[in-house]
Every structure is written in C-alpha cells, then in structure tokens.
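Raw contents of start15.tsv, TSV, C-alpha atoms:
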```
chain	number	residue	atom	x	y	z
D	1	MET	CA	-22.50	-7.87	2.28
D	2	SER	CA	-20.71	-5.17	0.23
D	3	THR	CA	-17.01	-4.56	0.44
D	4	GLN	CA	-14.86	-1.55	-0.31
D	5	LEU	CA	-11.36	-0.79	-1.53
D	6	ARG	CA	-9.50	2.06	0.11
D	7	LEU	CA	-6.26	3.38	-1.38
D	8	TYR	CA	-3.76	5.59	0.41
D	9	SER	CA	-0.92	7.76	-0.75
D	10	VAL	CA	1.30	7.54	2.32
D	11	SER	CA	4.96	7.63	3.29
D	12	LEU	CA	5.82	4.32	4.92
D	13	ALA	CA	9.23	5.72	5.85
D	14	THR	CA	7.49	8.45	7.86
D	15	LEU	CA	5.13	5.91	9.38
D	16	ASP	CA	8.08	3.85	10.58
D	17	ILE	CA	9.47	6.90	12.38
D	18	LEU	CA	6.21	8.18	13.89
D	19	VAL	CA	4.56	4.99	15.16
D	20	ARG	CA	5.68	5.23	18.78
D	21	PRO	CA	3.73	5.40	22.07
D	22	THR	CA	5.58	8.66	22.79
D	23	ASN	CA	3.99	10.25	19.72
D	24	VAL	CA	1.02	11.41	21.78
D	25	TRP	CA	-1.19	12.87	19.05
D	26	LEU	CA	-0.96	9.74	16.89
D	27	ALA	CA	-1.23	7.26	19.75
D	28	GLU	CA	-4.21	8.86	21.45
D	29	GLU	CA	-6.26	9.39	18.29
D	30	SER	CA	-5.43	5.87	17.11
D	31	ARG	CA	-6.57	4.45	20.46
D	32	THR	CA	-9.86	6.33	20.16
D	33	GLN	CA	-10.45	4.95	16.67
D	34	ALA	CA	-9.45	1.41	17.69
D	35	ALA	CA	-11.89	1.49	20.62
D	36	ALA	CA	-14.65	2.56	18.23
D	37	VAL	CA	-13.92	-0.37	15.92
D	38	ASP	CA	-13.89	-2.77	18.89
D	39	ALA	CA	-17.25	-1.40	20.02
D	40	GLU	CA	-18.76	-2.40	16.65
D	41	GLY	CA	-17.79	-5.99	17.43
D	42	TYR	CA	-17.09	-7.30	13.93
D	43	VAL	CA	-13.36	-7.97	14.34
D	44	LYS	CA	-13.02	-11.43	15.87
D	45	GLY	CA	-9.90	-13.16	17.11
D	46	SER	CA	-7.41	-13.50	19.91
D	47	ARG	CA	-6.67	-9.76	20.07
D	48	THR	CA	-8.93	-6.75	20.00
D	49	VAL	CA	-7.96	-3.97	17.61
D	50	THR	CA	-6.97	-1.89	20.64
D	51	GLU	CA	-4.65	-4.64	21.88
D	52	ALA	CA	-3.19	-5.07	18.40
D	53	LEU	CA	-2.58	-1.33	18.18
D	54	GLU	CA	-0.71	-1.40	21.50
D	55	ASP	CA	1.45	-4.27	20.22
D	56	ILE	CA	2.35	-2.13	17.20
D	57	LEU	CA	2.96	1.08	19.14
D	58	HIS	CA	5.16	-0.64	21.73
D	59	ASP	CA	6.83	-3.02	19.24
D	60	ARG	CA	5.74	-6.01	21.32
D	61	PRO	CA	5.65	-9.64	20.17
D	62	LYS	CA	2.74	-10.19	17.81
D	63	ASP	CA	0.00	-12.82	18.13
D	64	PRO	CA	0.09	-14.96	14.94
D	65	ASP	CA	-3.67	-15.58	15.20
D	66	ALA	CA	-4.62	-11.89	15.30
D	67	GLY	CA	-3.77	-10.81	11.75
D	68	ASN	CA	-7.21	-9.29	11.21
D	69	ALA	CA	-6.88	-7.05	14.28
D	70	TYR	CA	-3.40	-5.93	13.23
D	71	GLY	CA	-4.70	-5.14	9.75
D	72	HIS	CA	-7.38	-2.84	11.11
D	73	ALA	CA	-4.89	-1.27	13.51
D	74	TRP	CA	-2.50	-0.44	10.67
D	75	GLU	CA	-5.22	1.30	8.69
D	76	ILE	CA	-6.17	3.33	11.76
D	77	VAL	CA	-2.53	4.43	12.13
D	78	ILE	CA	-2.30	5.39	8.44
D	79	GLU	CA	-5.44	7.49	8.82
D	80	GLN	CA	-3.63	9.62	11.43
D	81	LEU	CA	-0.67	10.40	9.17
D	82	GLU	CA	-0.50	12.93	6.35
D	83	SER	CA	-1.99	10.39	3.97
D	84	LYS	CA	-4.56	10.90	1.22
D	85	ARG	CA	-7.35	8.37	0.92
D	86	PHE	CA	-9.30	7.31	-2.17
D	87	ASP	CA	-12.37	5.06	-1.86
D	88	PHE	CA	-13.95	2.64	-4.29
D	89	GLY	CA	-17.07	0.73	-3.41
D	90	PRO	CA	-19.33	-0.69	-2.28
D	91	MET	CA	-18.59	-3.83	-4.29
D	92	ARG	CA	-21.39	-6.36	-4.03
D	93	LEU	CA	-19.33	-9.14	-5.63
D	94	GLY	CA	-16.17	-8.22	-3.76
D	95	ALA	CA	-13.21	-10.42	-4.63
D	96	GLN	CA	-14.99	-11.80	-7.70
D	97	PHE	CA	-15.35	-8.26	-9.06
D	98	LEU	CA	-11.67	-7.53	-8.42
D	99	ASP	CA	-10.70	-10.77	-10.15
D	100	GLU	CA	-12.81	-9.94	-13.20
D	101	ALA	CA	-11.42	-6.39	-13.34
D	102	SER	CA	-7.87	-7.76	-13.07
D	103	ARG	CA	-8.53	-10.16	-15.94
D	104	GLU	CA	-9.82	-7.42	-18.23
D	105	LEU	CA	-6.94	-5.10	-17.38
D	106	LYS	CA	-4.41	-7.85	-18.09
D	107	SER	CA	-6.10	-8.56	-21.42
D	108	LEU	CA	-5.41	-4.92	-22.32
D	109	GLY	CA	-1.71	-5.16	-21.53
D	110	VAL	CA	-1.52	-4.29	-17.83
D	111	PRO	CA	1.22	-6.48	-16.27
D	112	ALA	CA	-0.16	-9.11	-13.87
D	113	GLU	CA	1.74	-7.66	-10.92
D	114	LEU	CA	0.09	-4.26	-11.49
D	115	ALA	CA	-3.47	-5.56	-11.83
D	116	PRO	CA	-5.52	-5.06	-8.64
D	117	LEU	CA	-5.11	-8.64	-7.44
D	118	GLY	CA	-1.43	-8.49	-8.36
D	119	PHE	CA	-0.57	-6.15	-5.50
D	120	MET	CA	-3.59	-6.08	-3.17
D	121	CYS	CA	-2.32	-8.94	-0.98
D	122	ASN	CA	1.25	-7.68	-0.71
D	123	SER	CA	1.28	-6.13	2.76
D	124	PRO	CA	4.24	-3.90	3.62
D	125	PHE	CA	3.70	-4.62	7.32
D	126	THR	CA	5.88	-7.70	7.50
D	127	GLY	CA	6.33	-7.41	11.26
D	128	THR	CA	2.70	-8.36	11.87
D	129	PRO	CA	0.85	-11.50	10.69
D	130	TYR	CA	-1.18	-11.17	7.52
D	131	PRO	CA	-4.97	-11.17	8.07
D	132	SER	CA	-6.58	-14.57	7.57
D	133	ASP	CA	-9.78	-12.87	6.49
D	134	LEU	CA	-10.12	-9.09	6.10
D	135	PRO	CA	-8.81	-6.51	5.66
D	136	SER	CA	-6.67	-7.62	2.76
D	137	ILE	CA	-3.65	-5.30	2.68
D	138	GLY	CA	-1.79	-4.33	-0.48
D	139	HIS	CA	1.24	-2.26	-1.33
D	140	LEU	CA	2.97	-0.86	-4.36
D	141	PRO	CA	6.37	0.75	-3.61
D	142	ALA	CA	7.02	4.27	-4.85
D	143	PRO	CA	9.27	3.25	-7.79
D	144	GLU	CA	6.51	1.04	-9.25
D	145	VAL	CA	3.59	3.47	-9.02
D	146	ALA	CA	4.53	5.43	-12.15
D	147	ALA	CA	4.47	2.22	-14.20
D	148	LEU	CA	1.02	1.38	-12.80
D	149	LEU	CA	-0.22	4.85	-13.70
D	150	THR	CA	1.03	4.58	-17.29
D	151	ALA	CA	-0.46	1.10	-17.77
D	152	TYR	CA	-3.87	2.02	-16.33
D	153	GLN	CA	-4.09	5.25	-18.31
D	154	ALA	CA	-3.41	3.30	-21.51
D	155	ALA	CA	-6.14	0.78	-20.68
D	156	GLU	CA	-8.85	3.01	-19.19
D	157	ASP	CA	-10.64	4.10	-22.38
D	158	ARG	CA	-10.55	0.58	-23.83
D	159	LEU	CA	-12.26	-1.15	-20.91
D	160	ALA	CA	-15.64	-2.60	-21.89
D	161	ASP	CA	-17.12	-2.93	-18.39
D	162	PRO	CA	-18.13	0.47	-16.93
D	163	ASP	CA	-17.58	-0.75	-13.37
D	164	HIS	CA	-14.07	-1.90	-14.24
D	165	LYS	CA	-13.50	1.52	-15.80
D	166	ALA	CA	-14.69	3.21	-12.60
D	167	LEU	CA	-12.30	1.10	-10.51
D	168	THR	CA	-9.46	1.88	-12.88
D	169	HIS	CA	-10.20	5.59	-12.67
D	170	THR	CA	-10.05	5.45	-8.86
D	171	VAL	CA	-6.70	3.66	-8.95
D	172	ILE	CA	-5.41	6.20	-11.49
D	173	THR	CA	-6.48	9.08	-9.24
D	174	ALA	CA	-4.65	7.58	-6.26
D	175	ALA	CA	-1.56	6.79	-8.34
D	176	GLU	CA	-1.51	10.33	-9.74
D	177	GLU	CA	-1.40	11.66	-6.18
D	178	VAL	CA	1.54	9.38	-5.32
D	179	VAL	CA	3.46	10.31	-8.48
D	180	HIS	CA	2.71	14.03	-8.05
D	181	PHE	CA	3.95	14.02	-4.45
D	182	ASN	CA	7.11	12.12	-5.32
D	183	ARG	CA	7.91	14.56	-8.14
D	184	PHE	CA	7.47	17.37	-5.61
D	185	ALA	CA	9.87	15.53	-3.25
D	186	ASP	CA	12.41	15.21	-6.06
D	187	GLY	CA	12.19	18.95	-6.69
D	188	MET	CA	13.03	19.84	-3.09
D	189	GLU	CA	16.78	19.42	-3.52
D	190	ASP	CA	17.64	21.00	-0.19
D	191	GLU	CA	15.27	18.76	1.81
D	192	ASP	CA	15.16	15.01	2.27
D	193	ILE	CA	11.43	14.34	1.82
D	194	PRO	CA	10.47	10.64	1.97
D	195	TYR	CA	8.55	9.27	-1.00
D	196	CYS	CA	4.96	8.13	-0.76
D	197	ASP	CA	3.88	4.58	-1.62
D	198	LEU	CA	0.47	3.25	-2.60
D	199	VAL	CA	-1.11	1.18	0.20
D	200	THR	CA	-4.51	-0.48	-0.11
D	201	PHE	CA	-7.03	-1.98	2.29
D	202	TYR	CA	-9.88	-4.15	1.00
D	203	SER	CA	-12.65	-5.17	3.38
```
Here is a file; write its structure as structure tokens.
Amino acid sequence: MSTQLRLYSVSLATLDILVRPTNVWLAEESRTQAAAVDAEGYVKGSRTVTEALEDILHDRPKDPDAGNAYGHAWEIVIEQLESKRFDFGPMRLGAQFLDEASRELKSLGVPAELAPLGFMCNSPFTGTPYPSDLPSIGHLPAPEVAALLTAYQAAEDRLADPDHKALTHTVITAAEEVVHFNRFADGMEDEDIPYCDLVTFYS
C-alpha cells in the first residue's frame, strides 16, 4: 500500500481561534468531511473521526486510544482554513523512503531536526493523543522554516537519488510559501497578521 506526505502552510494561531462549534462554516464542512472518511471505514479505534472532531470542536476530554481518529480530524479542520497544501507521493516504501531521504539530506549538511523524520512526528496538537499508527503528524514552527528552506536549497542539486530530490523540491515549495507569507505579514505594520507554520501529515 502506498503512502503520501501532505504539507500545509497554515496559521496555527488562527486555527486555535476558529476551531469552535459556533464557527458554523468550519464545523459543518468539517463534519461532512469526517462523515465521508468514516464511511470509507479504514480508521479503526474507539472513536470515529466524526466523534473525534466533535471532541475537538467542543474541547471535550479526549480518548487516549483514539489518536488516529484525532489525527484525521485535525487534517480535516486544517483543510477548511486558509491553508495551502502541497502533496508528495505515492511512496511505495513509505517510512523506509523517508528514512533514506533523511539520511542523504543529513549527509549533505541538513541538520537532523530539519530532515523529514526530524520533524514529521512532532505534532503541534498536544491536547489530543498522538496517533499510534497513521496519520503521522509533523510540525515546524514559523521561526524554523527559513532555516529549513536554506538547508534544503543548498542540498537539492547535490542529491544523488532523483526521488529524494523530488521530495526535497516539494518540501522547498511548501517552505517557500510559509516564508513568503510570513514576510508579507511582517510588511503589514498596521495589522497583526499571525504567522504560518509548516504542518505535515503522512499516511
């Protein structure tokens, strides 16, 4: 079974403000998407994705055994925000491919914490349990994205494996969007525009 990496340029500060049951447009569309995922039947556990979404929207106690459902629910919520998504995949070797790409990037000077496996299991959603299986959720805060972009740009042309180069290019494209937006936010001196972070979902 192939897997895919999805990267988002998204403001987590905005997400924290907007994820409420009273935010009708977000709640209703998220419920529709969660029901569609549940209908596919591949998310197993003690909570459906719809139930996990309601826990998040209503800030209810979370089920520690339902990390996978919460992970899918968070991605559904992010999809409703003013986020930009960048896809890489399918990856037939999945985690093995990401490990090999991380090794080659580190050999070319990319810091371990900025290699794909260095941040792809660092969920920003600390109020919900981490998935025991998939999706694996990652996060790179806004102040660190510029360093990732510089490191990946320096390594891209020296990568020997064309698939690793393709992955690196996708990460660069997503990071460029984050950095570009945050520079725009800095330039709006009369407005307090929240920065975007880089958030990833691998499944």
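Reported to one decimal place, the separation of atom CA of D:Val77 from atom CA of D:Ala52 is 11.4 Å.
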Worksheet item: Using all atoms listed in the file, which of D:Glu54, D:Asp186, D:Glu156, D:Asp63 sits nearest D:Ala101?
Response: D:Glu156
Item to complete: Find the residues around D:Leu149 up to 12 Å (all atoms listed in the file counted), leave out those fewer than 3 positions away in its own chain, and share them as JSON, numbers by chain.
Response: {"D": [110, 111, 114, 115, 140, 142, 143, 144, 145, 146, 152, 153, 154, 155, 156, 168, 169, 170, 171, 172, 173, 174, 175, 176, 177, 178, 179, 180, 198]}
Practice prompt. May I have the residues within 6 Å of D:Pro135 as a list of chain:residue names, using all atoms listed in the file and disregarding those fewer than 4 positions away in the same chain?
Written response: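 My reading of the contact set: D:Gly71, D:Phe201, D:Tyr202, D:Ser203.
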Worksheet item: Using all atoms listed in the file, which residues sit within 8 Å of D:Lys84 once same-chain residues fewer than 5 positions away are excluded, as a PyMOL selection string?
Response: chain D and resi 8-10
Practice prompt. Rounded to one decimal place, report the atom CA of D:His58-atom CA of D:Asp133 distance in Å.
Written response: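 According to the coordinates, atom CA of D:His58 and atom CA of D:Asp133 are separated by 24.6 Å.
Here atom CA of D:Leu148 and atom CA of D:Glu191 stand 26.8 Å from one another.
You can rank D:Gly109, D:Pro90, D:Pro129, D:Gly67 by their closest distance to D:Arg158 using only C-alpha atoms, and at the top of that list sits D:Gly109.
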Worksheet entry | Counting all atoms listed in the file, the residue of D:Leu12, D:Thr50, D:Lys62, D:Ile17 that sits nearest D:Pro124 |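 Closest residue, counting all atoms listed in the file: D:Leu12.
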Worksheet item: Excluding same-chain residues fewer than 5 positions from D:Ser102, what lies within 9 Å of it counting all atoms listed in the file, as a ChimeraX atom specification?
Response: /D:97,107,110,112,114-118,164
Fill in: Contacts of D:Glu51 at 10 Å (all atoms listed in the file; same-chain gap of 4+ positions) as a ChimeraX atom specification
/D:31,34-35,38,46-47,55-57,66,69-70,73
Worksheet item: Which is closest to D:Gln4 among D:Leu105, D:Gly89, D:Met188, D:Ala166, if we use all atoms listed in the file?
Response: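 Counting all atoms listed in the file, the residue closest to D:Gln4 is D:Gly89.
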Worksheet item: Nearest to D:Leu134 among D:Tyr42, D:Tyr195, D:Phe119, D:Trp25, with distances taken over only C-alpha atoms: which residue is it?
Response: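 Using only C-alpha atoms, D:Leu134 sits closest to D:Tyr42.
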